[in-house]
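**Q** Compact mmCIF, C-alpha atoms, saved as target_0.txt, coming up:
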```
# COMPACT_ATOMS: atom_id res chain seq x y z
CA MET A 1 20.91 -6.82 7.75
CA LYS A 2 17.19 -7.28 7.54
CA LEU A 3 14.50 -5.06 8.97
CA ALA A 4 13.59 -7.88 11.38
CA ASP A 5 17.09 -7.56 12.88
CA TYR A 6 16.10 -4.09 14.07
CA PHE A 7 12.46 -4.92 14.78
CA PRO A 8 12.25 -8.47 16.14
CA GLY A 9 8.45 -8.34 16.17
CA ILE A 10 8.39 -8.56 12.37
CA ARG A 11 7.55 -12.07 11.31
CA SER A 12 8.53 -13.91 8.16
CA ARG A 13 6.12 -14.39 5.29
CA GLN A 14 5.80 -18.08 6.17
CA GLU A 15 5.06 -17.32 9.84
CA ILE A 16 2.30 -14.94 8.81
CA LEU A 17 0.81 -17.40 6.35
CA ASN A 18 0.95 -20.17 8.99
CA HIS A 19 -0.94 -17.91 11.39
CA ILE A 20 -3.54 -17.01 8.76
CA TYR A 21 -4.09 -20.62 7.70
CA SER A 22 -4.35 -21.83 11.30
CA HIS A 23 -7.45 -19.66 11.87
CA GLN A 24 -10.47 -20.39 9.73
CA ASN A 25 -11.87 -16.86 9.87
CA LEU A 26 -8.52 -15.32 8.85
CA THR A 27 -8.13 -17.85 6.05
CA ALA A 28 -11.57 -17.00 4.65
CA LEU A 29 -10.88 -13.27 4.83
CA PHE A 30 -7.40 -13.55 3.30
CA LEU A 31 -8.62 -15.77 0.45
CA SER A 32 -11.48 -13.34 -0.29
CA TRP A 33 -8.88 -10.74 -1.33
CA ASN A 34 -7.40 -10.64 -4.82
CA GLN A 35 -3.80 -11.75 -5.32
CA LYS A 36 -2.45 -8.19 -5.45
CA ASP A 37 -4.06 -7.26 -2.12
CA GLN A 38 -2.78 -10.47 -0.52
CA GLU A 39 0.75 -9.64 -1.67
CA THR A 40 0.49 -6.04 -0.47
CA PHE A 41 -0.71 -7.23 2.95
CA LEU A 42 2.12 -9.76 3.26
CA ASP A 43 4.68 -7.16 2.13
CA CYS A 44 3.45 -4.72 4.81
CA CYS A 45 3.46 -7.39 7.53
CA THR A 46 6.98 -8.54 6.69
CA GLY A 47 8.44 -5.04 6.41
CA ILE A 48 9.09 -5.22 2.68
CA ARG A 49 6.67 -2.35 2.14
CA GLY A 50 5.47 0.33 4.51
CA VAL A 51 1.89 1.25 5.27
CA LYS A 52 0.96 4.55 3.67
CA VAL A 53 -0.37 6.23 6.79
CA LEU A 54 -0.68 9.64 5.19
CA TYR A 55 -3.43 8.43 2.86
CA ALA A 56 -6.58 10.29 3.85
CA GLY A 57 -8.57 7.26 5.03
CA VAL A 58 -5.81 5.79 7.15
CA PHE A 59 -4.78 9.14 8.58
CA LYS A 60 -8.37 10.04 9.45
CA GLU A 61 -8.87 6.80 11.36
CA ILE A 62 -5.57 6.87 13.24
CA PHE A 63 -5.68 10.55 14.15
CA ASN A 64 -9.44 11.03 14.57
CA PRO A 65 -9.75 13.22 17.68
CA GLU A 66 -13.05 11.54 18.58
CA TYR A 67 -11.21 8.27 19.26
CA ALA A 68 -7.95 9.44 20.78
CA PRO A 69 -7.47 13.22 20.85
CA GLU A 70 -3.98 12.89 22.33
CA ARG A 71 -2.67 11.22 19.15
CA LEU A 72 -3.23 14.22 16.92
CA GLU A 73 -2.10 16.62 19.64
CA SER A 74 1.10 14.62 20.13
CA LEU A 75 1.81 14.49 16.40
CA LEU A 76 1.30 18.22 15.98
CA SER A 77 3.48 18.93 19.02
CA LEU A 78 6.27 16.82 17.54
CA LEU A 79 5.95 18.44 14.13
CA PHE A 80 6.04 21.93 15.56
CA GLN A 81 8.48 20.94 18.32
CA LYS A 82 6.28 22.18 21.11
CA ARG A 83 5.40 20.34 24.29
```
How does the structure come out when it is put into structure tokens?
**A**
Amino acid sequence: MKLADYFPGIRSRQEILNHIYSHQNLTALFLSWNQKDQETFLDCCTGIRGVKVLYAGVFKEIFNPEYAPERLESLLSLLFQKR
């Protein structure tokens, strides 16, 4: 079984590349990255690799209480099993 069997929204590498190359702005952005970053991006999009959401920068953006205070509150409630 593949991850896409459980999460049908995950697209194949070729589908993602087709989407990127069918939009000029995405193509330019994607090609501005080095090969390693391109591969990492494709691996994350296809489910081969997960996004490291606990890295400080990513975590700060996702759980910033200025943007969406309920996100951090919900996470903490789940972690401490309180509602």
**Q** So that I can see what lies close to range 7-20 of chain A, please list as a CSV table (one decimal) with C-alpha atoms, keeping the file's coordinate frame the residues with an atom at most 9 Å from it, counting only C-alpha atoms and leaving out residues fewer than 6 positions away in the same chain.
**A**
```
chain,number,residue,atom,x,y,z
A,26,LEU,CA,-8.5,-15.3,8.8
A,27,THR,CA,-8.1,-17.8,6.0
A,30,PHE,CA,-7.4,-13.6,3.3
A,42,LEU,CA,2.1,-9.8,3.3
A,43,ASP,CA,4.7,-7.2,2.1
A,45,CYS,CA,3.5,-7.4,7.5
A,46,THR,CA,7.0,-8.5,6.7
A,47,GLY,CA,8.4,-5.0,6.4
```
**Q** Could you tell me how far CA of Ala68 in chain A sits from CA of Val51 in chain A, in Å to one decimal place?
**A**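 A separation of 20.1 Å between them.
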**Q** Could you tell me how far CA of Glu70 in chain A sits from CA of Phe41 in chain A, in Å to one decimal place?
**A** 28.1 Å
**Q** Please report the interatomic distance between CA of Trp33 in chain A and CA of Ala56 in chain A in Å with one decimal.
**A** 21.8 Å
**Q** Residues within 12 Å of Phe63 in chain A, please, as a list in words. Count all atoms listed in the file; anything in the same chain fewer than 2 positions from it doesn't count.
**A**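 The neighbour list is Val53, Leu54, Tyr55, Ala56, Gly57, Val58, Phe59, Lys60, Glu61, Pro65, Glu66, Tyr67, Ala68, Pro69, Glu70, Arg71, Leu72, Glu73, Ser74, Leu75 and Leu76 of chain A.
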**Q** Which residue gives the smallest distance to Lys52 in chain A among A:Tyr21, A:Ala4, A:Gln81, A:Thr40, with only C-alpha atoms counted?
**A**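 Going through A:Tyr21, A:Ala4, A:Gln81, A:Thr40 one by one, the smallest distance to Lys52 in chain A is for A:Thr40.
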**Q** Please complete range 41-70 of chain A with N, CA and C atoms and give it back as a tab-separated table (two decimals), keeping the file's coordinate frame.
**A**
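In the end it all went to part-v2.tsv:
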```tsv
chain	number	residue	atom	x	y	z
A	41	PHE	N	-0.57	-6.96	1.52
A	41	PHE	CA	-0.71	-7.23	2.95
A	41	PHE	C	0.52	-7.95	3.49
A	42	LEU	N	0.95	-9.00	2.81
A	42	LEU	CA	2.12	-9.76	3.26
A	42	LEU	C	3.38	-8.90	3.23
A	43	ASP	N	3.52	-8.06	2.21
A	43	ASP	CA	4.68	-7.16	2.13
A	43	ASP	C	4.69	-6.18	3.30
A	44	CYS	N	3.53	-5.66	3.67
A	44	CYS	CA	3.45	-4.72	4.81
A	44	CYS	C	3.77	-5.44	6.11
A	45	CYS	N	3.24	-6.64	6.28
A	45	CYS	CA	3.46	-7.39	7.53
A	45	CYS	C	4.91	-7.83	7.71
A	46	THR	N	5.61	-8.06	6.61
A	46	THR	CA	6.98	-8.54	6.69
A	46	THR	C	8.01	-7.40	6.62
A	47	GLY	N	7.53	-6.18	6.45
A	47	GLY	CA	8.44	-5.04	6.41
A	47	GLY	C	9.03	-4.76	5.04
A	48	ILE	N	8.59	-5.47	4.03
A	48	ILE	CA	9.09	-5.22	2.68
A	48	ILE	C	8.56	-3.89	2.17
A	49	ARG	N	7.34	-3.58	2.57
A	49	ARG	CA	6.67	-2.35	2.14
A	49	ARG	C	6.07	-1.69	3.38
A	50	GLY	N	6.07	-0.39	3.39
A	50	GLY	CA	5.47	0.33	4.51
A	50	GLY	C	4.00	0.59	4.29
A	51	VAL	N	3.29	0.87	5.36
A	51	VAL	CA	1.89	1.25	5.27
A	51	VAL	C	1.85	2.75	5.00
A	52	LYS	N	1.05	3.15	4.07
A	52	LYS	CA	0.96	4.55	3.67
A	52	LYS	C	-0.02	5.28	4.59
A	53	VAL	N	0.49	5.65	5.76
A	53	VAL	CA	-0.37	6.23	6.79
A	53	VAL	C	-0.84	7.63	6.47
A	54	LEU	N	-0.24	8.29	5.51
A	54	LEU	CA	-0.68	9.64	5.19
A	54	LEU	C	-1.82	9.65	4.17
A	55	TYR	N	-2.24	8.48	3.70
A	55	TYR	CA	-3.43	8.43	2.86
A	55	TYR	C	-4.60	8.90	3.69
A	56	ALA	N	-5.49	9.63	3.12
A	56	ALA	CA	-6.58	10.29	3.85
A	56	ALA	C	-7.35	9.33	4.75
A	57	GLY	N	-7.77	8.19	4.24
A	57	GLY	CA	-8.57	7.26	5.03
A	57	GLY	C	-7.85	6.72	6.24
A	58	VAL	N	-6.61	6.33	6.05
A	58	VAL	CA	-5.81	5.79	7.15
A	58	VAL	C	-5.53	6.88	8.17
A	59	PHE	N	-5.11	8.03	7.69
A	59	PHE	CA	-4.78	9.14	8.58
A	59	PHE	C	-6.00	9.55	9.40
A	60	LYS	N	-7.15	9.64	8.75
A	60	LYS	CA	-8.37	10.04	9.45
A	60	LYS	C	-8.72	9.07	10.57
A	61	GLU	N	-8.55	7.79	10.33
A	61	GLU	CA	-8.87	6.80	11.36
A	61	GLU	C	-7.87	6.82	12.51
A	62	ILE	N	-6.60	6.90	12.20
A	62	ILE	CA	-5.57	6.87	13.24
A	62	ILE	C	-5.58	8.14	14.08
A	63	PHE	N	-5.79	9.28	13.44
A	63	PHE	CA	-5.68	10.55	14.15
A	63	PHE	C	-7.03	11.22	14.41
A	64	ASN	N	-8.11	10.48	14.31
A	64	ASN	CA	-9.44	11.03	14.57
A	64	ASN	C	-9.52	11.46	16.04
A	65	PRO	N	-9.73	12.75	16.29
A	65	PRO	CA	-9.75	13.22	17.68
A	65	PRO	C	-10.92	12.67	18.50
A	66	GLU	N	-11.94	12.14	17.84
A	66	GLU	CA	-13.05	11.54	18.58
A	66	GLU	C	-12.62	10.26	19.27
A	67	TYR	N	-11.67	9.53	18.69
A	67	TYR	CA	-11.21	8.27	19.26
A	67	TYR	C	-10.10	8.47	20.28
A	68	ALA	N	-9.11	9.23	19.91
A	68	ALA	CA	-7.95	9.44	20.78
A	68	ALA	C	-7.38	10.83	20.51
A	69	PRO	N	-7.92	11.86	21.15
A	69	PRO	CA	-7.47	13.22	20.85
A	69	PRO	C	-5.99	13.46	21.11
A	70	GLU	N	-5.40	12.68	22.01
A	70	GLU	CA	-3.98	12.89	22.33
A	70	GLU	C	-3.07	12.50	21.17
```
